[in-house]
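Take a look at the structure below.
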Amino acid sequence: MSTSDITPATSSSDAHPRFAEALRELGLDVEVRRFPDATRTAVEAAAAVGCELGQIVKSLIFEADGVPVLVLMDGSSRVDVERVRAELGAGKVKRAGADLVRETTGYAIGGVPPFGHRTRTRVLADRGLLAHATVWAAAGTPHTVFPLDPQSLVTHAGGALVDVREQSA
């Protein structure tokens, strides 16, 4: 039996239960892949999937004036915190700690998916994600990922397309 023969219900069962429920609610039929080794970092995920680093979606929680915000960034880029601050009109922006990430999303760092979170947060999606036909994001655990076209991913996450990645010198 090949992986293409697996039914969506079977494949999404590898996802975190909250994320699997979000997929059902959105009517999304995606293949969730589970790996024996962690795909906690973008580099680990790209190696496991066999894709370019830029095709990995990092779902990162920041605090903007104390309010959580989700930034979706491609795996080969870094978030420019100053650009996020300007985009939000915030006074101060910093990376959220592990406790706030779990409290906001319901997931641990390294497994945060782009949607299906415990709370509704503002979402900024870097425009660089659209450079790929398919991107891969965490499915709620450090061992699971799923593919989706980037525009659908941004839409389901409720993200605003922005330019918030660090520019190379």
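Following the order of the structure tokens, chains are lettered A, B, ..., residues in each are numbered from 1, and ligands are numbered from 1.
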List every residue of stretch 2-117 of chain A that DSSP, applied to the backbone of this structure, assigns to alpha helix (DSSP H), and report them as a PyMOL selection string. chain A and resi 8-12+17-26+42-49+81-88+98-105
With a cut-off of 12 Å, could you pull out the residues of stretch 119-166 of chain A touching stretch 77-100 of chain A and give me the nearest pair of atoms for each, distance in Å to one decimal, using only C-alpha atoms, ordered by chain and ascending number, as CSV?
residue,atom,partner,partner_atom,distance
A:Thr119,CA,A:Leu100,CA,11.4
A:Arg122,CA,A:Leu88,CA,9.6
A:Val123,CA,A:Leu88,CA,10.4
A:Leu124,CA,A:Val84,CA,8.3
A:Ala125,CA,A:Val84,CA,10.5
A:Asp126,CA,A:Val79,CA,8.8
A:Arg127,CA,A:Ser77,CA,11.4
A:Gly128,CA,A:Ser77,CA,8.7
A:Leu129,CA,A:Ser77,CA,10.0
A:Ala160,CA,A:Glu87,CA,10.3
A:Leu161,CA,A:Glu87,CA,10.6
A:Val162,CA,A:Glu87,CA,7.9
A:Asp163,CA,A:Arg83,CA,7.6
A:Val164,CA,A:Arg83,CA,5.2
A:Arg165,CA,A:Val79,CA,4.5
A:Glu166,CA,A:Asp80,CA,4.6
Same residues, C-alpha atoms, saved as a PDB file, in the first residue's frame:
ATOM      1  CA  THR A 119      -6.590  31.358  20.755  1.00  0.00           C
ATOM      2  CA  ARG A 122      -3.160  38.317  14.497  1.00  0.00           C
ATOM      3  CA  VAL A 123      -1.185  36.598  11.715  1.00  0.00           C
ATOM      4  CA  LEU A 124       1.497  38.137   9.525  1.00  0.00           C
ATOM      5  CA  ALA A 125       2.626  35.955   6.611  1.00  0.00           C
ATOM      6  CA  ASP A 126       5.815  36.909   4.839  1.00  0.00           C
ATOM      7  CA  ARG A 127       5.299  37.332   1.100  1.00  0.00           C
ATOM      8  CA  GLY A 128       8.362  35.130   0.452  1.00  0.00           C
ATOM      9  CA  LEU A 129       6.216  32.062   1.163  1.00  0.00           C
ATOM     10  CA  ALA A 160      -2.018  39.337   6.082  1.00  0.00           C
ATOM     11  CA  LEU A 161       0.714  39.208   3.425  1.00  0.00           C
ATOM     12  CA  VAL A 162       3.602  41.451   4.471  1.00  0.00           C
ATOM     13  CA  ASP A 163       7.358  41.845   3.973  1.00  0.00           C
ATOM     14  CA  VAL A 164       8.934  41.134   7.359  1.00  0.00           C
ATOM     15  CA  ARG A 165      12.014  39.061   6.557  1.00  0.00           C
ATOM     16  CA  GLU A 166      15.522  40.305   7.133  1.00  0.00           C
TER      17      GLU A 166
END
Could you tell me, as a ChimeraX atom specification, which residues of stretch 3-168 of chain A DSSP assigns to strand (DSSP E or B) when given the backbone? /A:33-34,56-64,67-74,79,93-95,122-126,135-138,144-148,160-162,165
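The nearest approach to A:Val43 among the residues A:Gly159, A:Pro68, A:Pro147, A:Gly75, with only C-alpha atoms taken into account, belongs to A:Gly75.
The shell of residues at most 12 Å from A:Gly110, with only C-alpha atoms counted and near chain neighbours (fewer than 4 positions) removed, consists of Ala38, Thr39, Arg40, Thr41, Ala42, Val43, Glu44, Ala45, Val57, Lys58, Ser59, Leu60, Ile61, Ala98, Val101, Arg102, Thr105, Pro114, Ala137, Ala138, Ala139, Gly140, Thr141, Pro142, His143, Thr144 and Val145 of chain A.
Each of A:Thr104, A:Gly27, A:Asp149, A:Gly111 was compared to A:Leu70 using only C-alpha atoms, and A:Thr104 turns out to be the nearest.
Closest approach to A:Leu53 among A:Asp14, A:Glu21, A:Glu103, A:Asp74 is made by A:Asp74 (distances from only C-alpha atoms).
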Excluding A:Ala22 and its own-chain neighbours fewer than 5 positions away, which residues fall within 12 Å of it when counting only C-alpha atoms? Please give them as a VMD selection string. chain A and resid 12 15 to 17 27 to 30 113 to 118 139 to 140 156 to 157
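In this model, the gap between atom CA of A:Phe35 and atom CA of A:Val49 comes to 8.9 Å.
One distance worth recording is that between atom CA of A:Ala64 and atom CA of A:Leu153, which is 22.9 Å.
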